[in-house]
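What follows is query05.tsv (TSV, C-alpha atoms).
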chain	number	residue	atom	x	y	z
A	1	ARG	CA	76.44	-251.78	-12.28
A	2	ILE	CA	78.41	-248.57	-11.74
A	3	ALA	CA	75.78	-246.90	-9.54
A	4	ASN	CA	75.73	-250.05	-7.39
A	5	GLY	CA	79.52	-250.18	-7.01
A	6	ILE	CA	80.10	-253.39	-8.97
A	7	PRO	CA	83.56	-253.29	-10.64
A	8	GLU	CA	84.04	-255.07	-13.96
A	9	GLY	CA	86.77	-255.47	-16.51
A	10	PRO	CA	90.26	-254.01	-16.78
A	11	LEU	CA	89.23	-250.39	-16.14
A	12	ASP	CA	88.07	-251.19	-12.60
A	13	ILE	CA	90.05	-254.35	-11.82
A	14	VAL	CA	93.57	-253.69	-13.09
A	15	ARG	CA	95.48	-256.88	-13.89
A	16	GLY	CA	98.55	-257.28	-11.71
A	17	LYS	CA	97.62	-254.25	-9.60
A	18	SER	CA	94.28	-255.15	-7.97
A	19	PHE	CA	93.54	-257.48	-5.07
A	20	PRO	CA	90.22	-259.34	-4.71
A	21	LEU	CA	89.22	-257.44	-1.57
A	22	GLU	CA	89.95	-254.06	-3.17
A	23	SER	CA	87.44	-255.03	-5.86
A	24	ASN	CA	84.77	-255.68	-3.19
A	25	LEU	CA	84.70	-259.43	-3.80
A	26	ASP	CA	84.42	-259.95	-0.05
A	27	TYR	CA	81.38	-257.66	0.19
A	28	SER	CA	79.68	-259.49	-2.68
A	29	HIS	CA	80.50	-262.90	-1.10
A	30	SER	CA	82.60	-263.87	-4.12
A	31	VAL	CA	85.55	-265.08	-2.04
A	32	CYS	CA	85.38	-268.07	0.28
A	33	PHE	CA	87.59	-267.72	3.35
A	34	SER	CA	87.01	-271.23	4.72
A	35	LYS	CA	87.81	-273.50	1.79
A	36	GLY	CA	89.18	-273.60	-1.72
A	37	CYS	CA	92.56	-273.29	-3.31
A	38	TYR	CA	93.53	-270.40	-5.57
A	39	VAL	CA	96.55	-268.24	-6.30
A	40	GLY	CA	96.80	-265.53	-3.65
A	41	GLN	CA	94.51	-267.29	-1.18
A	42	GLU	CA	96.88	-266.85	1.76
A	43	LEU	CA	97.38	-263.11	1.16
A	44	THR	CA	93.64	-262.59	0.58
A	45	GLY	CA	92.75	-264.49	3.76
A	46	ARG	CA	95.35	-262.66	5.85
A	47	THR	CA	94.22	-259.27	4.51
A	48	HIS	CA	90.60	-260.10	5.32
A	49	ARG	CA	91.43	-261.40	8.79
A	50	TYR	CA	93.45	-258.32	9.80
A	51	GLY	CA	91.22	-255.76	8.05
A	52	ALA	CA	94.11	-254.24	6.12
A	53	VAL	CA	92.32	-253.34	2.88
A	54	ARG	CA	93.87	-249.98	2.08
A	55	ARG	CA	91.80	-249.06	-0.97
A	56	ARG	CA	88.49	-249.99	-2.56
A	57	VAL	CA	86.73	-249.63	-5.90
A	58	VAL	CA	83.90	-247.22	-5.07
A	59	PRO	CA	81.19	-245.48	-7.10
A	60	VAL	CA	81.61	-241.73	-7.52
A	61	VAL	CA	79.44	-238.84	-8.72
A	62	TYR	CA	81.10	-236.21	-10.95
A	63	GLY	CA	80.21	-232.53	-11.10
A	64	GLU	CA	81.63	-229.22	-12.29
A	65	GLY	CA	80.86	-227.34	-9.08
A	66	PRO	CA	80.22	-228.33	-5.48
A	67	CYS	CA	79.14	-231.94	-5.12
A	68	PRO	CA	77.24	-232.08	-1.80
A	69	ALA	CA	76.49	-235.31	0.02
A	70	SER	CA	72.85	-234.99	-1.02
A	71	THR	CA	73.74	-235.44	-4.72
A	72	PRO	CA	71.88	-238.58	-5.77
A	73	LEU	CA	73.73	-241.53	-7.24
A	74	SER	CA	71.57	-242.10	-10.27
A	75	VAL	CA	72.40	-241.99	-13.96
A	76	ASP	CA	71.22	-238.83	-15.71
A	77	LEU	CA	70.82	-239.81	-19.35
A	78	GLN	CA	70.70	-236.12	-20.30
A	79	SER	CA	74.09	-235.35	-18.75
A	80	THR	CA	76.56	-233.70	-21.11
A	81	LEU	CA	79.41	-233.90	-18.60
A	82	SER	CA	82.64	-235.40	-19.95
A	83	PRO	CA	84.08	-237.52	-17.13
A	84	PRO	CA	87.83	-237.97	-16.78
A	85	LEU	CA	89.55	-240.75	-18.69
A	86	PRO	CA	90.16	-244.04	-16.86
A	87	GLY	CA	93.43	-243.91	-14.95
A	88	THR	CA	93.19	-240.19	-14.15
A	89	ASP	CA	94.62	-239.37	-10.71
A	90	VAL	CA	92.07	-238.56	-8.00
A	91	MET	CA	93.29	-235.85	-5.63
A	92	LEU	CA	92.14	-234.87	-2.13
A	93	TYR	CA	93.55	-231.57	-0.88
A	94	GLY	CA	96.48	-231.90	-3.31
A	95	THR	CA	97.35	-235.51	-2.39
A	96	LYS	CA	96.77	-238.44	-4.72
A	97	VAL	CA	94.26	-240.83	-3.15
A	98	GLY	CA	93.45	-243.02	-6.15
A	99	TRP	CA	92.51	-243.14	-9.82
A	100	THR	CA	89.39	-243.25	-11.94
A	101	GLY	CA	87.92	-246.32	-13.61
A	102	SER	CA	84.92	-246.87	-15.86
A	103	THR	CA	82.25	-244.20	-16.24
A	104	ALA	CA	78.68	-243.74	-17.46
A	105	PHE	CA	77.50	-240.16	-17.96
A	106	HIS	CA	78.17	-238.36	-14.63
A	107	VAL	CA	78.80	-241.42	-12.44
A	108	GLY	CA	81.80	-243.71	-12.40
A	109	MET	CA	84.08	-245.99	-10.47
A	110	ALA	CA	87.31	-245.01	-8.77
A	111	VAL	CA	89.93	-246.90	-6.78
A	112	LEU	CA	90.35	-244.83	-3.60
A	113	ARG	CA	92.37	-245.11	-0.40
A	114	GLN	CA	90.12	-245.71	2.59
A	115	GLU	CA	91.87	-243.88	5.44
A	116	ASP	CA	89.19	-241.21	5.84
A	117	TRP	CA	85.81	-242.27	4.46
A	118	ASP	CA	84.15	-238.98	5.52
A	119	ALA	CA	86.66	-236.96	3.48
A	120	LEU	CA	85.99	-239.15	0.43
A	121	ARG	CA	82.26	-238.41	0.71
A	122	SER	CA	82.82	-234.69	1.32
A	123	GLY	CA	82.84	-233.61	-2.32
A	124	GLU	CA	86.42	-232.33	-2.07
A	125	LEU	CA	87.88	-234.93	-4.45
A	126	ARG	CA	89.17	-233.72	-7.82
A	127	ALA	CA	89.94	-235.59	-11.05
A	128	GLY	CA	90.49	-234.21	-14.52
A	129	GLY	CA	89.24	-230.74	-13.57
A	130	LEU	CA	86.01	-232.10	-12.06
A	131	VAL	CA	84.75	-232.42	-8.51
A	132	LEU	CA	83.68	-235.87	-7.39
A	133	ARG	CA	82.21	-237.51	-4.33
A	134	ALA	CA	82.50	-241.13	-3.27
A	135	VAL	CA	79.22	-242.89	-2.48
A	136	GLN	CA	78.92	-245.93	-0.24
A	137	PRO	CA	76.60	-248.49	-1.88
A	138	SER	CA	73.67	-249.61	0.26
A	139	TRP	CA	74.77	-253.27	0.15
A	140	TRP	CA	78.18	-252.53	1.76
A	141	PRO	CA	78.71	-252.90	5.51
A	142	LYS	CA	77.79	-249.62	7.21
A	143	GLN	CA	80.58	-247.12	7.91
A	144	GLU	CA	80.38	-244.91	10.99
A	145	THR	CA	80.58	-241.19	10.28
A	146	GLY	CA	83.19	-239.00	11.93
A	147	THR	CA	85.85	-241.69	11.94
A	148	THR	CA	89.07	-242.34	10.11
A	149	ALA	CA	88.56	-246.10	10.39
A	150	THR	CA	88.65	-248.26	7.32
A	151	LEU	CA	85.41	-249.79	6.12
A	152	GLU	CA	86.33	-253.17	7.61
A	153	GLU	CA	86.64	-251.75	11.12
A	154	ALA	CA	83.06	-250.47	11.21

As C-alpha cells - that is how I would like this structure written.
Amino acid sequence: RIANGIPEGPLDIVRGKSFPLESNLDYSHSVCFSKGCYVGQELTGRTHRYGAVRRRVVPVVYGEGPCPASTPLSVDLQSTLSPPLPGTDVMLYGTKVGWTGSTAFHVGMAVLRQEDWDALRSGELRAGGLVLRAVQPSWWPKQETGTTATLEEA
C-alpha cells in the first residue's frame, strides 16, 4: 500500500485537516464529480475543476545519505533504518513543505506541497535527521519534468 501511494487511516488522512483530493481519491477514481451528495462536495468539485490541489499524500524513500532518483521504491525487509515519527515536519532547503505519515521500514507516506515536483524528487527533503525523496506512483497522471506546475496541470 505505501509503496503504491495508497493513504490509509489517521496517519495519512488526518481528520479535519485532509481533503479528498489531497488523499489521491481523484486519482484512484474514488470521488464522483458528476453525481452524488456528500459533505464537502462543492469544495471538492471546485478544487478539482480549477486544479488547485496544493498538497498530496505521496510515497517517499528514506535514507541516511544521498537519496538519488534511481533509489528504488521497494520495501527492504532487512532495513534497520528508523524512520521519523508520523507528523514530523518535512523540510526542503530549510522551508517546511509537509509532514510524514505512516511508514514501513525505509519507505513511507508524506503529505507534501506540490509547487515544485522536481524538487520533491531531488532527494533534498529532510525529516527527523533523514534524507527522503518523493516518488510518483506509476498509476498517477504523468508529471512533466523541469516544471513547477502542480500534478493536475500536467

For this session: Just the residues within 9 Å of range 85-96 of chain A, please, counting all atoms listed in the file, with nothing from its chain fewer than 4 positions along; format it as number ranges by chain.
Result: A: 11-12, 100-103, 110-112, 119-120, 124-128, 132

Could you save the residues just selected, with C-alpha atoms, as a compact mmCIF listing (two decimals), in the coordinates of the input?
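Once written, result-v1.txt looks like this:
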# COMPACT_ATOMS: atom_id res chain seq x y z
CA LEU A 11 89.23 -250.39 -16.14
CA ASP A 12 88.07 -251.19 -12.60
CA THR A 100 89.39 -243.25 -11.94
CA GLY A 101 87.92 -246.32 -13.61
CA SER A 102 84.92 -246.87 -15.86
CA THR A 103 82.25 -244.20 -16.24
CA ALA A 110 87.31 -245.01 -8.77
CA VAL A 111 89.93 -246.90 -6.78
CA LEU A 112 90.35 -244.83 -3.60
CA ALA A 119 86.66 -236.96 3.48
CA LEU A 120 85.99 -239.15 0.43
CA GLU A 124 86.42 -232.33 -2.07
CA LEU A 125 87.88 -234.93 -4.45
CA ARG A 126 89.17 -233.72 -7.82
CA ALA A 127 89.94 -235.59 -11.05
CA GLY A 128 90.49 -234.21 -14.52
CA LEU A 132 83.68 -235.87 -7.39

Seminar exercise, completed: In terms of only C-alpha atoms, the residue from A:Val58, A:Val53, A:Glu115, A:Gln136 at minimal distance from Glu8 in chain A is A:Val58

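The space between CA of Arg56 in chain A and CA of Ser23 in chain A spans 6.1 Å.
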
Exercise. Mind pulling up the distance from CA of Pro7 in chain A to CA of Tyr62 in chain A?
Worked result: 17.3 Å

For this session: Find the residues around Val61 in chain A up to 7 Å (all atoms listed in the file counted), leave out those fewer than 5 positions away in its own chain, and share them as JSON, numbers by chain.
Result: {"A": [73, 106, 107, 108, 132, 133, 134]}

I need the residues from that last selection saved to file as a JSON list (two decimals), in the frame of the given file (with C-alpha atoms), if you can.
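In the end it all went to part-v2.json:
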[["chain", "number", "residue", "atom", "x", "y", "z"],
["A", 73, "LEU", "CA", 73.73, -241.53, -7.24],
["A", 106, "HIS", "CA", 78.17, -238.36, -14.63],
["A", 107, "VAL", "CA", 78.80, -241.42, -12.44],
["A", 108, "GLY", "CA", 81.80, -243.71, -12.40],
["A", 132, "LEU", "CA", 83.68, -235.87, -7.39],
["A", 133, "ARG", "CA", 82.21, -237.51, -4.33],
["A", 134, "ALA", "CA", 82.50, -241.13, -3.27]]

For this session: Mind checking which residues fall within 12 Å of Leu43 in chain A, counting all atoms listed in the file, ignoring those fewer than 6 positions away in the same chain, and posting them as an MDAnalysis selection string?
Result: chainID A and resid 19:21 33 49:53

May I have the selected residues written with C-alpha atoms, as a short mmCIF file (atom, residue, chain, number, x, y, z; two decimals), keeping the file's coordinate frame?
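Contents of out_23.cif, as written:
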data_model
loop_
_atom_site.label_atom_id
_atom_site.label_comp_id
_atom_site.auth_asym_id
_atom_site.auth_seq_id
_atom_site.Cartn_x
_atom_site.Cartn_y
_atom_site.Cartn_z
CA PHE A 19 93.54 -257.48 -5.07
CA PRO A 20 90.22 -259.34 -4.71
CA LEU A 21 89.22 -257.44 -1.57
CA PHE A 33 87.59 -267.72 3.35
CA ARG A 49 91.43 -261.40 8.79
CA TYR A 50 93.45 -258.32 9.80
CA GLY A 51 91.22 -255.76 8.05
CA ALA A 52 94.11 -254.24 6.12
CA VAL A 53 92.32 -253.34 2.88
#

Exercise. Separation of CA of Val135 in chain A and CA of Val31 in chain A, in Å?
Worked result: 23.1 Å

Seminar exercise, completed: Nearest to Trp140 in chain A, restricted to all atoms listed in the file and choosing among A:Ile13, A:Val57, A:Ala104, A:Cys32, comes out as A:Val57

Exercise. Pick the closest to Ile2 in chain A from A:Leu130, A:Met109, A:Val14, A:Val97: which is it, counting only C-alpha atoms?
Worked result: A:Met109

Dump range 30-66 of chain A with N, CA, C and O atoms to a file, as a PDB file, in the first residue's frame.
ATOM      1  N   SER A  30     -12.114   7.439  -6.690  1.00  0.00           N
ATOM      2  CA  SER A  30     -12.960   7.221  -5.517  1.00  0.00           C
ATOM      3  C   SER A  30     -13.922   8.365  -5.261  1.00  0.00           C
ATOM      4  O   SER A  30     -14.682   8.321  -4.307  1.00  0.00           O
ATOM      5  N   VAL A  31     -13.863   9.406  -6.094  1.00  0.00           N
ATOM      6  CA  VAL A  31     -14.758  10.548  -5.968  1.00  0.00           C
ATOM      7  C   VAL A  31     -15.468  10.733  -7.294  1.00  0.00           C
ATOM      8  O   VAL A  31     -14.836  10.746  -8.352  1.00  0.00           O
ATOM      9  N   CYS A  32     -16.787  10.837  -7.241  1.00  0.00           N
ATOM     10  CA  CYS A  32     -17.570  11.087  -8.447  1.00  0.00           C
ATOM     11  C   CYS A  32     -17.821  12.593  -8.556  1.00  0.00           C
ATOM     12  O   CYS A  32     -18.295  13.219  -7.611  1.00  0.00           O
ATOM     13  N   PHE A  33     -17.484  13.170  -9.703  1.00  0.00           N
ATOM     14  CA  PHE A  33     -17.660  14.603  -9.889  1.00  0.00           C
ATOM     15  C   PHE A  33     -18.939  14.941 -10.643  1.00  0.00           C
ATOM     16  O   PHE A  33     -19.248  16.101 -10.842  1.00  0.00           O
ATOM     17  N   SER A  34     -19.700  13.927 -11.065  1.00  0.00           N
ATOM     18  CA  SER A  34     -20.900  14.203 -11.846  1.00  0.00           C
ATOM     19  C   SER A  34     -22.200  13.916 -11.100  1.00  0.00           C
ATOM     20  O   SER A  34     -23.246  14.336 -11.549  1.00  0.00           O
ATOM     21  N   LYS A  35     -22.140  13.187 -10.000  1.00  0.00           N
ATOM     22  CA  LYS A  35     -23.370  12.914  -9.262  1.00  0.00           C
ATOM     23  C   LYS A  35     -23.036  12.639  -7.802  1.00  0.00           C
ATOM     24  O   LYS A  35     -21.895  12.551  -7.417  1.00  0.00           O
ATOM     25  N   GLY A  36     -24.075  12.488  -7.012  1.00  0.00           N
ATOM     26  CA  GLY A  36     -23.876  12.196  -5.603  1.00  0.00           C
ATOM     27  C   GLY A  36     -24.135  13.401  -4.734  1.00  0.00           C
ATOM     28  O   GLY A  36     -24.313  14.513  -5.216  1.00  0.00           O
ATOM     29  N   CYS A  37     -24.161  13.162  -3.463  1.00  0.00           N
ATOM     30  CA  CYS A  37     -24.377  14.223  -2.495  1.00  0.00           C
ATOM     31  C   CYS A  37     -23.630  13.853  -1.228  1.00  0.00           C
ATOM     32  O   CYS A  37     -23.915  12.846  -0.598  1.00  0.00           O
ATOM     33  N   TYR A  38     -22.628  14.637  -0.879  1.00  0.00           N
ATOM     34  CA  TYR A  38     -21.855  14.369   0.328  1.00  0.00           C
ATOM     35  C   TYR A  38     -21.325  15.687   0.880  1.00  0.00           C
ATOM     36  O   TYR A  38     -21.229  16.687   0.159  1.00  0.00           O
ATOM     37  N   VAL A  39     -20.987  15.689   2.137  1.00  0.00           N
ATOM     38  CA  VAL A  39     -20.457  16.884   2.786  1.00  0.00           C
ATOM     39  C   VAL A  39     -19.137  17.259   2.115  1.00  0.00           C
ATOM     40  O   VAL A  39     -18.260  16.424   1.948  1.00  0.00           O
ATOM     41  N   GLY A  40     -19.018  18.494   1.698  1.00  0.00           N
ATOM     42  CA  GLY A  40     -17.805  18.970   1.044  1.00  0.00           C
ATOM     43  C   GLY A  40     -17.782  18.770  -0.451  1.00  0.00           C
ATOM     44  O   GLY A  40     -16.772  19.020  -1.098  1.00  0.00           O
ATOM     45  N   GLN A  41     -18.888  18.335  -1.023  1.00  0.00           N
ATOM     46  CA  GLN A  41     -18.931  18.050  -2.460  1.00  0.00           C
ATOM     47  C   GLN A  41     -18.624  19.290  -3.294  1.00  0.00           C
ATOM     48  O   GLN A  41     -17.883  19.206  -4.268  1.00  0.00           O
ATOM     49  N   GLU A  42     -19.181  20.431  -2.917  1.00  0.00           N
ATOM     50  CA  GLU A  42     -18.971  21.649  -3.704  1.00  0.00           C
ATOM     51  C   GLU A  42     -17.511  22.080  -3.686  1.00  0.00           C
ATOM     52  O   GLU A  42     -16.936  22.397  -4.722  1.00  0.00           O
ATOM     53  N   LEU A  43     -16.881  22.050  -2.507  1.00  0.00           N
ATOM     54  CA  LEU A  43     -15.466  22.419  -2.407  1.00  0.00           C
ATOM     55  C   LEU A  43     -14.594  21.418  -3.170  1.00  0.00           C
ATOM     56  O   LEU A  43     -13.679  21.808  -3.895  1.00  0.00           O
ATOM     57  N   THR A  44     -14.894  20.141  -3.046  1.00  0.00           N
ATOM     58  CA  THR A  44     -14.119  19.105  -3.743  1.00  0.00           C
ATOM     59  C   THR A  44     -14.247  19.270  -5.253  1.00  0.00           C
ATOM     60  O   THR A  44     -13.251  19.219  -5.984  1.00  0.00           O
ATOM     61  N   GLY A  45     -15.454  19.492  -5.730  1.00  0.00           N
ATOM     62  CA  GLY A  45     -15.683  19.693  -7.162  1.00  0.00           C
ATOM     63  C   GLY A  45     -14.993  20.935  -7.687  1.00  0.00           C
ATOM     64  O   GLY A  45     -14.368  20.909  -8.756  1.00  0.00           O
ATOM     65  N   ARG A  46     -15.077  22.026  -6.953  1.00  0.00           N
ATOM     66  CA  ARG A  46     -14.438  23.279  -7.365  1.00  0.00           C
ATOM     67  C   ARG A  46     -12.915  23.121  -7.386  1.00  0.00           C
ATOM     68  O   ARG A  46     -12.239  23.571  -8.319  1.00  0.00           O
ATOM     69  N   THR A  47     -12.362  22.477  -6.374  1.00  0.00           N
ATOM     70  CA  THR A  47     -10.919  22.253  -6.316  1.00  0.00           C
ATOM     71  C   THR A  47     -10.464  21.411  -7.504  1.00  0.00           C
ATOM     72  O   THR A  47      -9.450  21.700  -8.137  1.00  0.00           O
ATOM     73  N   HIS A  48     -11.209  20.379  -7.818  1.00  0.00           N
ATOM     74  CA  HIS A  48     -10.877  19.517  -8.962  1.00  0.00           C
ATOM     75  C   HIS A  48     -10.955  20.299 -10.275  1.00  0.00           C
ATOM     76  O   HIS A  48     -10.059  20.216 -11.113  1.00  0.00           O
ATOM     77  N   ARG A  49     -12.012  21.057 -10.433  1.00  0.00           N
ATOM     78  CA  ARG A  49     -12.239  21.800 -11.672  1.00  0.00           C
ATOM     79  C   ARG A  49     -11.135  22.827 -11.935  1.00  0.00           C
ATOM     80  O   ARG A  49     -10.686  22.998 -13.052  1.00  0.00           O
ATOM     81  N   TYR A  50     -10.677  23.510 -10.894  1.00  0.00           N
ATOM     82  CA  TYR A  50      -9.677  24.565 -11.073  1.00  0.00           C
ATOM     83  C   TYR A  50      -8.252  24.080 -10.845  1.00  0.00           C
ATOM     84  O   TYR A  50      -7.313  24.864 -10.972  1.00  0.00           O
ATOM     85  N   GLY A  51      -8.070  22.800 -10.515  1.00  0.00           N
ATOM     86  CA  GLY A  51      -6.725  22.254 -10.348  1.00  0.00           C
ATOM     87  C   GLY A  51      -5.941  22.892  -9.228  1.00  0.00           C
ATOM     88  O   GLY A  51      -4.738  23.110  -9.362  1.00  0.00           O
ATOM     89  N   ALA A  52      -6.605  23.202  -8.126  1.00  0.00           N
ATOM     90  CA  ALA A  52      -5.952  23.923  -7.032  1.00  0.00           C
ATOM     91  C   ALA A  52      -5.567  23.022  -5.867  1.00  0.00           C
ATOM     92  O   ALA A  52      -5.580  23.450  -4.730  1.00  0.00           O
ATOM     93  N   VAL A  53      -5.202  21.772  -6.137  1.00  0.00           N
ATOM     94  CA  VAL A  53      -4.754  20.890  -5.062  1.00  0.00           C
ATOM     95  C   VAL A  53      -3.335  21.299  -4.714  1.00  0.00           C
ATOM     96  O   VAL A  53      -2.427  21.179  -5.532  1.00  0.00           O
ATOM     97  N   ARG A  54      -3.147  21.811  -3.516  1.00  0.00           N
ATOM     98  CA  ARG A  54      -1.856  22.368  -3.115  1.00  0.00           C
ATOM     99  C   ARG A  54      -0.890  21.330  -2.538  1.00  0.00           C
ATOM    100  O   ARG A  54       0.301  21.539  -2.540  1.00  0.00           O
ATOM    101  N   ARG A  55      -1.427  20.246  -2.017  1.00  0.00           N
ATOM    102  CA  ARG A  55      -0.566  19.207  -1.443  1.00  0.00           C
ATOM    103  C   ARG A  55      -1.183  17.847  -1.705  1.00  0.00           C
ATOM    104  O   ARG A  55      -2.377  17.733  -1.981  1.00  0.00           O
ATOM    105  N   ARG A  56      -0.346  16.827  -1.629  1.00  0.00           N
ATOM    106  CA  ARG A  56      -0.761  15.450  -1.898  1.00  0.00           C
ATOM    107  C   ARG A  56      -0.069  14.517  -0.909  1.00  0.00           C
ATOM    108  O   ARG A  56       1.025  14.793  -0.446  1.00  0.00           O
ATOM    109  N   VAL A  57      -0.728  13.380  -0.645  1.00  0.00           N
ATOM    110  CA  VAL A  57      -0.089  12.303   0.094  1.00  0.00           C
ATOM    111  C   VAL A  57       0.725  11.530  -0.929  1.00  0.00           C
ATOM    112  O   VAL A  57       0.167  11.034  -1.914  1.00  0.00           O
ATOM    113  N   VAL A  58       2.037  11.486  -0.739  1.00  0.00           N
ATOM    114  CA  VAL A  58       2.923  10.817  -1.702  1.00  0.00           C
ATOM    115  C   VAL A  58       3.810   9.803  -0.995  1.00  0.00           C
ATOM    116  O   VAL A  58       4.152   9.978   0.176  1.00  0.00           O
ATOM    117  N   PRO A  59       4.216   8.746  -1.693  1.00  0.00           N
ATOM    118  CA  PRO A  59       5.180   7.816  -1.109  1.00  0.00           C
ATOM    119  C   PRO A  59       6.568   8.439  -1.117  1.00  0.00           C
ATOM    120  O   PRO A  59       6.908   9.211  -2.022  1.00  0.00           O
ATOM    121  N   VAL A  60       7.362   8.120  -0.107  1.00  0.00           N
ATOM    122  CA  VAL A  60       8.729   8.622  -0.005  1.00  0.00           C
ATOM    123  C   VAL A  60       9.669   7.481   0.360  1.00  0.00           C
ATOM    124  O   VAL A  60       9.264   6.490   0.965  1.00  0.00           O
ATOM    125  N   VAL A  61      10.938   7.645  -0.034  1.00  0.00           N
ATOM    126  CA  VAL A  61      12.001   6.718   0.326  1.00  0.00           C
ATOM    127  C   VAL A  61      12.909   7.448   1.297  1.00  0.00           C
ATOM    128  O   VAL A  61      13.316   8.587   1.041  1.00  0.00           O
ATOM    129  N   TYR A  62      13.238   6.814   2.429  1.00  0.00           N
ATOM    130  CA  TYR A  62      14.122   7.398   3.435  1.00  0.00           C
ATOM    131  C   TYR A  62      15.530   6.857   3.275  1.00  0.00           C
ATOM    132  O   TYR A  62      15.728   5.720   2.869  1.00  0.00           O
ATOM    133  N   GLY A  63      16.511   7.679   3.633  1.00  0.00           N
ATOM    134  CA  GLY A  63      17.904   7.249   3.632  1.00  0.00           C
ATOM    135  C   GLY A  63      18.705   8.102   4.587  1.00  0.00           C
ATOM    136  O   GLY A  63      18.264   9.173   5.016  1.00  0.00           O
ATOM    137  N   GLU A  64      19.905   7.641   4.925  1.00  0.00           N
ATOM    138  CA  GLU A  64      20.770   8.402   5.828  1.00  0.00           C
ATOM    139  C   GLU A  64      21.714   9.317   5.069  1.00  0.00           C
ATOM    140  O   GLU A  64      22.199  10.295   5.602  1.00  0.00           O
ATOM    141  N   GLY A  65      21.978   8.978   3.814  1.00  0.00           N
ATOM    142  CA  GLY A  65      22.861   9.783   2.977  1.00  0.00           C
ATOM    143  C   GLY A  65      22.101  10.268   1.765  1.00  0.00           C
ATOM    144  O   GLY A  65      20.880  10.357   1.787  1.00  0.00           O
ATOM    145  N   PRO A  66      22.816  10.536   0.680  1.00  0.00           N
ATOM    146  CA  PRO A  66      22.140  10.970  -0.547  1.00  0.00           C
ATOM    147  C   PRO A  66      21.090   9.956  -0.979  1.00  0.00           C
ATOM    148  O   PRO A  66      21.265   8.758  -0.836  1.00  0.00           O
TER     149      PRO A  66
END
